[in-house]
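Visitor: So that we are looking at the same thing, I have put the structure below in structure tokens.
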Amino acid sequence: MTRRAGIIGHPVGHSLSPVFQAAAFAAAGLDVVYERWDTPLAGLPARVASLRAHDILGANVTVPYKEAVIPLLDEVGGLAARAGAVNTIVNREGRLFGFNTDGAGFVAALRHEVSLDPAGRAFLLLGAGGAARGIALALAEARAAAVDIYNRTPARAATLARDLGPPARALAELPALAPYDCVVNCTTVGMRGGPDPSGIPLKLDDAPPGLLVVDIVYAPLETPLLRAAAARGLPTLGGLPMLIHQGALAFELWTGLPAPIDVMEAAARNELARREGTTP
Ligand code: ATR
């Protein structure tokens, strides 16, 4: 029997998940098709209910439904409940379980791509939206020593830090960079078609040697922030590994098998290159 999985969102036309999840299922020799389930809000309850069918492995959830799906599920795991956001649904014999692999995907990318274990390290996060929330939670879980949050709208950073508690802390102004091991752009600034890249006032002038500069934006692969960091000789990590690792963790939840990460990443890079080639 062919089984199915898919991504629920609105819109989902540009999602890379169908590309690298299909590659993963094929590499693992599994008869699974991964579909784009573009779902208007009114159709969300029926869409989620349809995941209980016996041929469905589960789903990914993306913008704008990571919060809205929660009341439609049977059980929501610890991190997803604390994040208030679900990006992965698993169908176990008609019961729907919600998980959040975004933050864990970020930590896995740090560990696997740049050998950074967050334990005892100091992080500066730029942004206080859903992405920043998931990452801050996962860093706290991984025993980071400091998770400082700076956001254009300070009240959102304050709310996030209050929700999380220590080691999260809200900053009213951009701090000196010397105390940090890693700075992460969790905003949409730098994204193709997104806000003006000068929107992040971060200057790397006082970056300590070896400061890891991470951008969760993956289109373009080299963002203005990463380019500036590389020009200063700082180590960098782009957003694609985080995307791949969150998908790999979802694949493992659906199948119980180790994800073929290299295959997934190669498929995603190919697709991004193809899109770059065809965009005017
Ligand atoms: P996501 O779920 O992807 O994190 P979000 O909740 O819309 O998306 O959050 C977007 C983040 O990018 C926020 O931190 C936002 O800052 P505000 O809270 O001040 O809106 C940040 N952001 C978006 N555009 C920005 C810009 N031009 N300059 C600085 N920050 C920006």
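Lettering and numbering for the structure tokens are positional, with chains as A, B, ... in the shown order, residues counted from 1 in each chain, and ligands counted from 1 in the shown order.
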Write out as a PyMOL selection string each polymer residue whose atoms come within 9 Å of A:His10, counting only C-alpha atoms; drop sequence neighbours fewer than 2 positions from it.
Guide: chain A and resi 8+12-13+37-41+62-65
Visitor: Residues within 7 Å of ligand 1 should be enumerated using only C-alpha atoms and all ligand atoms and returned as a PyMOL selection string.
Guide: chain A and resi 126-132+151-153+156+186-189+195-196+199-200
Visitor: Selection from above, N, CA and C atoms, as an mmCIF file, in the first residue's frame, can you write it?
Guide:
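This is the output file selection-v1.cif:
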```
data_model
loop_
_atom_site.group_PDB
_atom_site.id
_atom_site.type_symbol
_atom_site.label_atom_id
_atom_site.label_comp_id
_atom_site.auth_asym_id
_atom_site.auth_seq_id
_atom_site.Cartn_x
_atom_site.Cartn_y
_atom_site.Cartn_z
ATOM 1 N N LEU A 126 18.368 37.502 17.468
ATOM 2 C CA LEU A 126 17.702 38.675 16.908
ATOM 3 C C LEU A 126 16.329 38.233 16.449
ATOM 4 N N GLY A 127 15.279 38.848 17.014
ATOM 5 C CA GLY A 127 13.915 38.478 16.641
ATOM 6 C C GLY A 127 13.197 37.833 17.808
ATOM 7 N N ALA A 128 11.866 37.918 17.777
ATOM 8 C CA ALA A 128 11.067 37.364 18.874
ATOM 9 C C ALA A 128 9.768 36.771 18.359
ATOM 10 N N GLY A 129 9.765 36.311 17.091
ATOM 11 C CA GLY A 129 8.582 35.657 16.526
ATOM 12 C C GLY A 129 8.593 34.166 16.828
ATOM 13 N N GLY A 130 7.799 33.429 16.045
ATOM 14 C CA GLY A 130 7.682 31.988 16.266
ATOM 15 C C GLY A 130 9.016 31.260 16.119
ATOM 16 N N ALA A 131 9.808 31.668 15.147
ATOM 17 C CA ALA A 131 11.088 30.996 14.917
ATOM 18 C C ALA A 131 12.017 31.205 16.118
ATOM 19 N N ALA A 132 12.076 32.448 16.614
ATOM 20 C CA ALA A 132 12.928 32.751 17.765
ATOM 21 C C ALA A 132 12.466 31.972 18.999
ATOM 22 N N ASN A 151 14.861 42.389 19.933
ATOM 23 C CA ASN A 151 13.880 42.480 18.851
ATOM 24 C C ASN A 151 13.555 43.932 18.546
ATOM 25 N N ARG A 152 13.218 44.185 17.270
ATOM 26 C CA ARG A 152 12.815 45.544 16.861
ATOM 27 C C ARG A 152 11.710 46.060 17.765
ATOM 28 N N THR A 153 10.736 45.216 18.055
ATOM 29 C CA THR A 153 9.651 45.579 18.968
ATOM 30 C C THR A 153 9.989 44.995 20.341
ATOM 31 N N ARG A 156 7.811 42.428 22.468
ATOM 32 C CA ARG A 156 7.724 40.997 22.096
ATOM 33 C C ARG A 156 8.899 40.210 22.687
ATOM 34 N N CYS A 186 16.995 35.440 13.750
ATOM 35 C CA CYS A 186 15.721 34.693 13.704
ATOM 36 C C CYS A 186 14.618 35.559 13.118
ATOM 37 N N THR A 187 14.985 36.657 12.448
ATOM 38 C CA THR A 187 13.978 37.499 11.806
ATOM 39 C C THR A 187 13.895 37.136 10.325
ATOM 40 N N THR A 188 12.959 37.753 9.635
ATOM 41 C CA THR A 188 12.808 37.517 8.203
ATOM 42 C C THR A 188 13.679 38.467 7.387
ATOM 43 N N VAL A 189 14.459 39.294 8.073
ATOM 44 C CA VAL A 189 15.313 40.247 7.362
ATOM 45 C C VAL A 189 16.442 39.486 6.652
ATOM 46 N N PRO A 195 11.996 42.007 4.162
ATOM 47 C CA PRO A 195 12.301 43.371 4.568
ATOM 48 C C PRO A 195 13.722 43.786 4.160
ATOM 49 N N ASP A 196 13.936 45.081 4.083
ATOM 50 C CA ASP A 196 15.242 45.646 3.747
ATOM 51 C C ASP A 196 16.321 45.088 4.690
ATOM 52 N N GLY A 199 17.510 46.456 7.887
ATOM 53 C CA GLY A 199 16.612 46.407 9.044
ATOM 54 C C GLY A 199 17.263 45.840 10.287
ATOM 55 N N ILE A 200 18.283 45.012 10.105
ATOM 56 C CA ILE A 200 19.005 44.518 11.278
ATOM 57 C C ILE A 200 20.156 45.471 11.549
#
```
Visitor: Just the residues within 10 Å of stretch 210-218 of chain A, please, counting only C-alpha atoms, with nothing from its chain fewer than 2 positions along; format it as an NGL selection string.
Guide: :A and (106 or 110 or 114 or 116 or 123-126 or 131-132 or 177-192 or 204 or 207-208 or 220-226 or 228-230 or 233-243 or 272)
Visitor: I'd like the interatomic distance between atom CA of A:Ala53 and atom CA of A:Ala248, to a tenth of an Å.
Guide: 23.0 Å
Visitor: Counting only C-alpha atoms, which of A:Ile244, A:Leu73, A:Val48, A:Ile261 gets nearest to A:Gly105?
Guide: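 For A:Gly105, the nearest of the given residues is A:Ile244.
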Visitor: Pull the strand (DSSP E) assignments for stretch 21-218 of chain A out of DSSP run on the backbone, and list those residues as a tab-separated table (two decimals) with all heavy atoms, in the first residue's frame.
Guide:
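Now in selection-v2.tsv:
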```
chain	number	residue	atom	x	y	z
A	32	VAL	N	6.13	5.87	-0.15
A	32	VAL	CA	5.41	6.99	0.45
A	32	VAL	C	5.43	8.16	-0.52
A	32	VAL	O	6.49	8.49	-1.07
A	32	VAL	CB	6.06	7.43	1.78
A	32	VAL	CG1	5.32	8.62	2.38
A	32	VAL	CG2	6.11	6.29	2.79
A	33	VAL	N	4.28	8.77	-0.75
A	33	VAL	CA	4.27	10.01	-1.52
A	33	VAL	C	4.05	11.17	-0.54
A	33	VAL	O	3.32	11.04	0.44
A	33	VAL	CB	3.18	10.04	-2.62
A	33	VAL	CG1	3.49	9.01	-3.70
A	33	VAL	CG2	1.80	9.81	-2.04
A	34	TYR	N	4.73	12.28	-0.84
A	34	TYR	CA	4.65	13.45	0.03
A	34	TYR	C	3.99	14.57	-0.77
A	34	TYR	O	4.51	14.97	-1.82
A	34	TYR	CB	6.06	13.85	0.49
A	34	TYR	CG	6.07	14.94	1.55
A	34	TYR	CD1	6.30	14.64	2.88
A	34	TYR	CD2	5.86	16.27	1.19
A	34	TYR	CE1	6.31	15.64	3.85
A	34	TYR	CE2	5.87	17.27	2.15
A	34	TYR	CZ	6.10	16.94	3.47
A	34	TYR	OH	6.12	17.93	4.43
A	35	GLU	N	2.85	15.06	-0.29
A	35	GLU	CA	2.02	15.97	-1.08
A	35	GLU	C	2.00	17.39	-0.50
A	35	GLU	O	2.29	17.60	0.68
A	35	GLU	CB	0.59	15.41	-1.13
A	35	GLU	CG	0.55	14.01	-1.75
A	35	GLU	CD	-0.81	13.33	-1.70
A	35	GLU	OE1	-1.65	13.71	-0.85
A	35	GLU	OE2	-1.04	12.42	-2.50
A	36	ARG	N	1.63	18.33	-1.37
A	36	ARG	CA	1.41	19.72	-0.92
A	36	ARG	C	-0.07	19.88	-0.60
A	36	ARG	O	-0.90	19.77	-1.50
A	36	ARG	CB	1.79	20.71	-2.02
A	36	ARG	CG	3.25	20.75	-2.34
A	36	ARG	CD	3.55	21.77	-3.45
A	36	ARG	NE	4.88	21.53	-3.98
A	36	ARG	CZ	5.99	22.10	-3.50
A	36	ARG	NH1	5.91	22.97	-2.52
A	36	ARG	NH2	7.16	21.80	-4.01
A	37	TRP	N	-0.38	20.11	0.66
A	37	TRP	CA	-1.77	20.23	1.07
A	37	TRP	C	-2.08	21.69	1.41
A	37	TRP	O	-2.13	22.09	2.59
A	37	TRP	CB	-2.04	19.32	2.28
A	37	TRP	CG	-1.99	17.85	1.93
A	37	TRP	CD1	-2.33	17.27	0.73
A	37	TRP	CD2	-1.60	16.76	2.79
A	37	TRP	NE1	-2.18	15.91	0.80
A	37	TRP	CE2	-1.74	15.56	2.05
A	37	TRP	CE3	-1.15	16.69	4.12
A	37	TRP	CZ2	-1.43	14.30	2.59
A	37	TRP	CZ3	-0.85	15.44	4.66
A	37	TRP	CH2	-0.99	14.27	3.90
A	38	ASP	N	-2.24	22.49	0.34
A	38	ASP	CA	-2.59	23.90	0.52
A	38	ASP	C	-4.01	23.97	1.08
A	38	ASP	O	-4.94	23.43	0.48
A	38	ASP	CB	-2.50	24.62	-0.82
A	38	ASP	CG	-2.50	26.13	-0.66
A	38	ASP	OD1	-3.13	26.63	0.31
A	38	ASP	OD2	-1.87	26.81	-1.48
A	56	ILE	N	-2.16	7.29	6.01
A	56	ILE	CA	-1.44	8.54	6.24
A	56	ILE	C	-0.40	8.36	7.36
A	56	ILE	O	-0.73	7.95	8.48
A	56	ILE	CB	-2.41	9.68	6.65
A	56	ILE	CG1	-3.47	9.90	5.58
A	56	ILE	CG2	-1.63	10.95	6.95
A	56	ILE	CD1	-3.05	10.75	4.42
A	57	LEU	N	0.86	8.70	7.05
A	57	LEU	CA	1.92	8.67	8.08
A	57	LEU	C	1.81	9.88	8.99
A	57	LEU	O	2.04	9.77	10.20
A	57	LEU	CB	3.30	8.72	7.42
A	57	LEU	CG	3.84	7.49	6.71
A	57	LEU	CD1	5.25	7.78	6.21
A	57	LEU	CD2	3.87	6.32	7.68
A	58	GLY	N	1.54	11.03	8.39
A	58	GLY	CA	1.48	12.26	9.18
A	58	GLY	C	1.66	13.45	8.27
A	58	GLY	O	1.52	13.34	7.05
A	59	ALA	N	2.03	14.57	8.88
A	59	ALA	CA	2.14	15.80	8.11
A	59	ALA	C	3.16	16.74	8.73
A	59	ALA	O	3.48	16.62	9.91
A	59	ALA	CB	0.77	16.50	8.05
A	60	ASN	N	3.64	17.65	7.90
A	60	ASN	CA	4.31	18.83	8.42
A	60	ASN	C	3.29	19.96	8.44
A	60	ASN	O	2.33	19.95	7.67
A	60	ASN	CB	5.48	19.25	7.53
A	60	ASN	CG	6.70	18.38	7.72
A	60	ASN	OD1	7.24	17.83	6.77
A	60	ASN	ND2	7.13	18.24	8.96
A	61	VAL	N	3.52	20.92	9.30
A	61	VAL	CA	2.64	22.09	9.39
A	61	VAL	C	3.51	23.33	9.25
A	61	VAL	O	4.56	23.42	9.90
A	61	VAL	CB	1.90	22.13	10.73
A	61	VAL	CG1	0.94	23.32	10.76
A	61	VAL	CG2	1.17	20.83	10.99
A	75	GLU	N	-2.77	14.57	21.15
A	75	GLU	CA	-1.72	14.78	22.16
A	75	GLU	C	-0.63	15.66	21.58
A	75	GLU	O	-0.28	15.50	20.40
A	75	GLU	CB	-1.10	13.45	22.59
A	75	GLU	CG	-2.00	12.69	23.55
A	75	GLU	CD	-1.32	11.44	24.11
A	75	GLU	OE1	-0.12	11.50	24.43
A	75	GLU	OE2	-2.02	10.43	24.19
A	76	VAL	N	-0.10	16.56	22.42
A	76	VAL	CA	0.96	17.45	21.97
A	76	VAL	C	2.14	17.30	22.92
A	76	VAL	O	1.99	17.48	24.14
A	76	VAL	CB	0.45	18.91	21.91
A	76	VAL	CG1	1.59	19.85	21.55
A	76	VAL	CG2	-0.66	19.02	20.87
A	88	THR	N	5.03	19.19	13.20
A	88	THR	CA	5.00	17.80	12.74
A	88	THR	C	3.85	17.07	13.42
A	88	THR	O	3.73	17.13	14.65
A	88	THR	CB	6.33	17.09	13.09
A	88	THR	OG1	7.41	17.80	12.49
A	88	THR	CG2	6.34	15.66	12.57
A	89	ILE	N	3.03	16.40	12.61
A	89	ILE	CA	1.93	15.58	13.14
A	89	ILE	C	2.20	14.13	12.75
A	89	ILE	O	2.57	13.85	11.60
A	89	ILE	CB	0.57	16.03	12.57
A	89	ILE	CG1	0.30	17.49	12.96
A	89	ILE	CG2	-0.56	15.12	13.06
A	89	ILE	CD1	-0.94	18.09	12.28
A	90	VAL	N	2.05	13.23	13.72
A	90	VAL	CA	2.23	11.81	13.45
A	90	VAL	C	0.90	11.10	13.69
A	90	VAL	O	0.25	11.31	14.73
A	90	VAL	CB	3.31	11.20	14.37
A	90	VAL	CG1	3.50	9.71	14.06
A	90	VAL	CG2	4.64	11.94	14.20
A	91	ASN	N	0.48	10.28	12.70
A	91	ASN	CA	-0.75	9.50	12.82
A	91	ASN	C	-0.40	8.10	13.35
A	91	ASN	O	0.25	7.33	12.65
A	91	ASN	CB	-1.42	9.38	11.45
A	91	ASN	CG	-2.65	8.48	11.49
A	91	ASN	OD1	-3.29	8.33	12.53
A	91	ASN	ND2	-2.97	7.87	10.36
A	92	ARG	N	-0.80	7.82	14.59
A	92	ARG	CA	-0.57	6.48	15.14
A	92	ARG	C	-1.92	5.81	15.34
A	92	ARG	O	-2.63	6.12	16.30
A	92	ARG	CB	0.19	6.55	16.47
A	92	ARG	CG	1.63	7.03	16.29
A	92	ARG	CD	2.45	6.90	17.56
A	92	ARG	NE	3.78	7.47	17.35
A	92	ARG	CZ	4.42	8.27	18.21
A	92	ARG	NH1	3.88	8.57	19.38
A	92	ARG	NH2	5.61	8.74	17.91
A	95	ARG	N	-4.82	8.10	15.96
A	95	ARG	CA	-4.63	9.18	16.95
A	95	ARG	C	-3.53	10.11	16.44
A	95	ARG	O	-2.50	9.65	15.93
A	95	ARG	CB	-4.24	8.61	18.32
A	95	ARG	CG	-5.42	8.00	19.06
A	95	ARG	CD	-5.00	7.47	20.42
A	95	ARG	NE	-4.56	8.52	21.36
A	95	ARG	CZ	-5.38	9.34	22.00
A	95	ARG	NH1	-6.69	9.26	21.80
A	95	ARG	NH2	-4.92	10.24	22.84
A	96	LEU	N	-3.74	11.40	16.63
A	96	LEU	CA	-2.81	12.40	16.08
A	96	LEU	C	-1.96	13.01	17.18
A	96	LEU	O	-2.48	13.56	18.16
A	96	LEU	CB	-3.59	13.49	15.34
A	96	LEU	CG	-4.43	13.01	14.14
A	96	LEU	CD1	-5.12	14.20	13.48
A	96	LEU	CD2	-3.57	12.24	13.13
A	97	PHE	N	-0.64	12.89	17.00
A	97	PHE	CA	0.33	13.39	17.97
A	97	PHE	C	1.08	14.59	17.37
A	97	PHE	O	1.55	14.50	16.23
A	97	PHE	CB	1.34	12.30	18.34
A	97	PHE	CG	0.72	11.13	19.07
A	97	PHE	CD1	-0.02	10.19	18.39
A	97	PHE	CD2	0.88	11.01	20.44
A	97	PHE	CE1	-0.61	9.13	19.06
A	97	PHE	CE2	0.29	9.96	21.14
A	97	PHE	CZ	-0.46	9.01	20.44
A	98	GLY	N	1.19	15.68	18.12
A	98	GLY	CA	1.88	16.88	17.64
A	98	GLY	C	3.26	17.02	18.24
A	98	GLY	O	3.46	16.81	19.44
A	99	PHE	N	4.23	17.38	17.39
A	99	PHE	CA	5.61	17.61	17.83
A	99	PHE	C	6.10	18.92	17.25
A	99	PHE	O	5.51	19.46	16.31
A	99	PHE	CB	6.53	16.49	17.32
A	99	PHE	CG	6.19	15.12	17.83
A	99	PHE	CD1	5.27	14.32	17.16
A	99	PHE	CD2	6.77	14.65	19.01
A	99	PHE	CE1	4.95	13.06	17.65
A	99	PHE	CE2	6.46	13.39	19.49
A	99	PHE	CZ	5.54	12.59	18.81
A	122	ALA	N	26.95	31.10	25.25
A	122	ALA	CA	26.11	32.30	25.31
A	122	ALA	C	25.63	32.66	23.91
A	122	ALA	O	26.44	32.79	22.98
A	122	ALA	CB	26.91	33.45	25.90
A	123	PHE	N	24.31	32.82	23.77
A	123	PHE	CA	23.67	33.10	22.47
A	123	PHE	C	22.99	34.46	22.49
A	123	PHE	O	22.37	34.84	23.49
A	123	PHE	CB	22.61	32.04	22.15
A	123	PHE	CG	23.20	30.69	21.84
A	123	PHE	CD1	23.60	29.84	22.87
A	123	PHE	CD2	23.39	30.28	20.53
A	123	PHE	CE1	24.16	28.60	22.59
A	123	PHE	CE2	23.95	29.05	20.25
A	123	PHE	CZ	24.34	28.21	21.28
A	124	LEU	N	23.07	35.16	21.36
A	124	LEU	CA	22.28	36.37	21.14
A	124	LEU	C	21.32	36.09	19.99
A	124	LEU	O	21.76	35.75	18.89
A	124	LEU	CB	23.20	37.55	20.79
A	124	LEU	CG	22.49	38.83	20.33
A	124	LEU	CD1	21.58	39.38	21.43
A	124	LEU	CD2	23.52	39.88	19.90
A	125	LEU	N	20.03	36.17	20.26
A	125	LEU	CA	19.01	35.96	19.22
A	125	LEU	C	18.46	37.31	18.77
A	125	LEU	O	18.10	38.14	19.62
A	125	LEU	CB	17.85	35.11	19.74
A	125	LEU	CG	18.17	33.74	20.34
A	125	LEU	CD1	16.87	32.96	20.58
A	125	LEU	CD2	19.10	32.94	19.46
A	126	LEU	N	18.37	37.50	17.47
A	126	LEU	CA	17.70	38.67	16.91
A	126	LEU	C	16.33	38.23	16.45
A	126	LEU	O	16.21	37.33	15.62
A	126	LEU	CB	18.50	39.22	15.72
A	126	LEU	CG	19.98	39.50	15.99
A	126	LEU	CD1	20.69	39.87	14.69
A	126	LEU	CD2	20.13	40.61	17.02
A	146	ALA	N	23.38	31.32	28.33
A	146	ALA	CA	22.65	32.59	28.16
A	146	ALA	C	21.92	32.57	26.83
A	146	ALA	O	22.48	32.11	25.83
A	146	ALA	CB	23.62	33.77	28.21
A	147	VAL	N	20.66	33.03	26.85
A	147	VAL	CA	19.90	33.21	25.61
A	147	VAL	C	19.32	34.62	25.67
A	147	VAL	O	18.26	34.86	26.24
A	147	VAL	CB	18.78	32.16	25.47
A	147	VAL	CG1	18.00	32.37	24.17
A	147	VAL	CG2	19.33	30.73	25.52
A	148	ASP	N	20.08	35.56	25.11
A	148	ASP	CA	19.66	36.97	25.13
A	148	ASP	C	18.88	37.27	23.86
A	148	ASP	O	19.27	36.85	22.77
A	148	ASP	CB	20.88	37.88	25.23
A	148	ASP	CG	21.52	37.80	26.62
A	148	ASP	OD1	20.92	37.18	27.52
A	148	ASP	OD2	22.63	38.36	26.78
A	149	ILE	N	17.76	37.99	24.02
A	149	ILE	CA	16.85	38.21	22.89
A	149	ILE	C	16.70	39.70	22.65
A	149	ILE	O	16.28	40.46	23.54
A	149	ILE	CB	15.47	37.59	23.20
A	149	ILE	CG1	15.62	36.09	23.48
A	149	ILE	CG2	14.51	37.82	22.03
A	149	ILE	CD1	14.41	35.48	24.17
A	150	TYR	N	17.04	40.11	21.43
A	150	TYR	CA	16.83	41.49	21.03
A	150	TYR	C	15.85	41.51	19.87
A	150	TYR	O	15.99	40.73	18.93
A	150	TYR	CB	18.15	42.15	20.59
A	150	TYR	CG	17.91	43.49	19.96
A	150	TYR	CD1	17.72	44.61	20.77
A	150	TYR	CD2	17.81	43.64	18.59
A	150	TYR	CE1	17.45	45.85	20.20
A	150	TYR	CE2	17.53	44.87	18.01
A	150	TYR	CZ	17.35	45.97	18.82
A	150	TYR	OH	17.07	47.19	18.27
A	168	ALA	N	16.73	32.64	29.37
A	168	ALA	CA	16.32	33.67	28.41
A	168	ALA	C	16.21	35.03	29.09
A	168	ALA	O	15.78	35.13	30.24
A	168	ALA	CB	14.99	33.29	27.78
A	169	ARG	N	16.61	36.06	28.36
A	169	ARG	CA	16.61	37.42	28.89
A	169	ARG	C	16.33	38.36	27.72
A	169	ARG	O	16.85	38.14	26.62
A	169	ARG	CB	18.01	37.70	29.42
A	169	ARG	CG	18.11	38.67	30.55
A	169	ARG	CD	19.50	38.58	31.16
A	169	ARG	NE	20.55	38.70	30.15
A	169	ARG	CZ	21.70	39.34	30.35
A	169	ARG	NH1	21.97	39.89	31.51
A	169	ARG	NH2	22.61	39.40	29.39
A	170	ALA	N	15.50	39.37	27.94
A	170	ALA	CA	15.23	40.35	26.88
A	170	ALA	C	16.19	41.52	27.01
A	170	ALA	O	16.47	41.98	28.12
A	170	ALA	CB	13.79	40.84	26.98
A	171	LEU	N	16.67	42.01	25.87
A	171	LEU	CA	17.55	43.17	25.86
A	171	LEU	C	16.82	44.33	25.20
A	171	LEU	O	16.21	44.15	24.15
A	171	LEU	CB	18.83	42.87	25.08
A	171	LEU	CG	19.63	41.64	25.50
A	171	LEU	CD1	20.86	41.50	24.61
A	171	LEU	CD2	20.05	41.75	26.97
A	182	CYS	N	27.74	32.89	19.94
A	182	CYS	CA	26.96	32.69	18.71
A	182	CYS	C	25.86	33.75	18.64
A	182	CYS	O	25.19	34.02	19.65
A	182	CYS	CB	26.35	31.29	18.75
A	182	CYS	SG	25.29	30.88	17.35
A	183	VAL	N	25.67	34.33	17.47
A	183	VAL	CA	24.56	35.24	17.24
A	183	VAL	C	23.70	34.66	16.11
A	183	VAL	O	24.23	34.13	15.14
A	183	VAL	CB	25.04	36.69	16.97
A	183	VAL	CG1	26.18	36.74	16.01
A	183	VAL	CG2	23.91	37.57	16.46
A	184	VAL	N	22.37	34.73	16.30
A	184	VAL	CA	21.45	34.07	15.36
A	184	VAL	C	20.41	35.08	14.87
A	184	VAL	O	19.68	35.66	15.68
A	184	VAL	CB	20.69	32.91	16.04
A	184	VAL	CG1	19.88	32.13	15.00
A	184	VAL	CG2	21.64	31.99	16.80
A	185	ASN	N	20.33	35.27	13.56
A	185	ASN	CA	19.23	36.05	13.01
A	185	ASN	C	17.99	35.16	12.90
A	185	ASN	O	17.94	34.25	12.08
A	185	ASN	CB	19.57	36.62	11.63
A	185	ASN	CG	18.36	37.30	11.02
A	185	ASN	OD1	17.62	37.99	11.72
A	185	ASN	ND2	18.12	37.08	9.74
A	212	LEU	N	30.33	32.66	16.13
A	212	LEU	CA	29.57	31.97	15.08
A	212	LEU	C	28.35	32.81	14.71
A	212	LEU	O	27.55	33.17	15.58
A	212	LEU	CB	29.13	30.59	15.58
A	212	LEU	CG	28.22	29.81	14.62
A	212	LEU	CD1	28.95	29.44	13.33
A	212	LEU	CD2	27.68	28.56	15.31
A	213	VAL	N	28.22	33.13	13.43
A	213	VAL	CA	27.09	33.93	12.95
A	213	VAL	C	26.15	33.01	12.17
A	213	VAL	O	26.55	32.40	11.18
A	213	VAL	CB	27.58	35.10	12.07
A	213	VAL	CG1	26.39	35.89	11.54
A	213	VAL	CG2	28.52	36.00	12.87
A	214	VAL	N	24.90	32.92	12.66
A	214	VAL	CA	23.93	32.00	12.07
A	214	VAL	C	22.75	32.80	11.53
A	214	VAL	O	22.30	33.76	12.16
A	214	VAL	CB	23.40	30.99	13.12
A	214	VAL	CG1	22.44	29.99	12.47
A	214	VAL	CG2	24.55	30.26	13.80
A	215	ASP	N	22.27	32.41	10.35
A	215	ASP	CA	21.06	33.03	9.80
A	215	ASP	C	20.08	31.91	9.53
A	215	ASP	O	20.44	30.92	8.89
A	215	ASP	CB	21.40	33.78	8.50
A	215	ASP	CG	20.39	34.88	8.21
A	215	ASP	OD1	19.20	34.68	8.52
A	215	ASP	OD2	20.80	35.93	7.70
```
Visitor: Just asking: which residues within stretch 32-196 of chain A are helix (DSSP H, G or I) according to DSSP, as an MDAnalysis selection string?
Guide: chainID A and resid 41:50 70:72 78:83 102:114 130:141 154:164
Visitor: Using only C-alpha atoms, which of the listed residues (A:Ala23, A:Ala49, A:Ala81, A:Arg232) sits closest to A:Asn270?
Guide: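 Result for the nearest residue to A:Asn270: A:Ala23.
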Visitor: Restricting the calculation to only C-alpha atoms, which member of A:Leu174, A:Leu30, A:Pro260, A:Leu139 is positioned closest to A:Asp117?
Guide: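 Of the candidates, the smallest distance to A:Asp117 is held by A:Leu139.
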Visitor: Could you tell me how far atom CA of A:Phe251 sits from atom CA of A:Pro18, in Å to one decimal place?
Guide: 11.8 Å
Visitor: Quote the spacing between atom CA of A:Leu257 and atom CA of A:His245 in Å to one decimal place.
Guide: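 Interatomic distance here is 14.1 Å.
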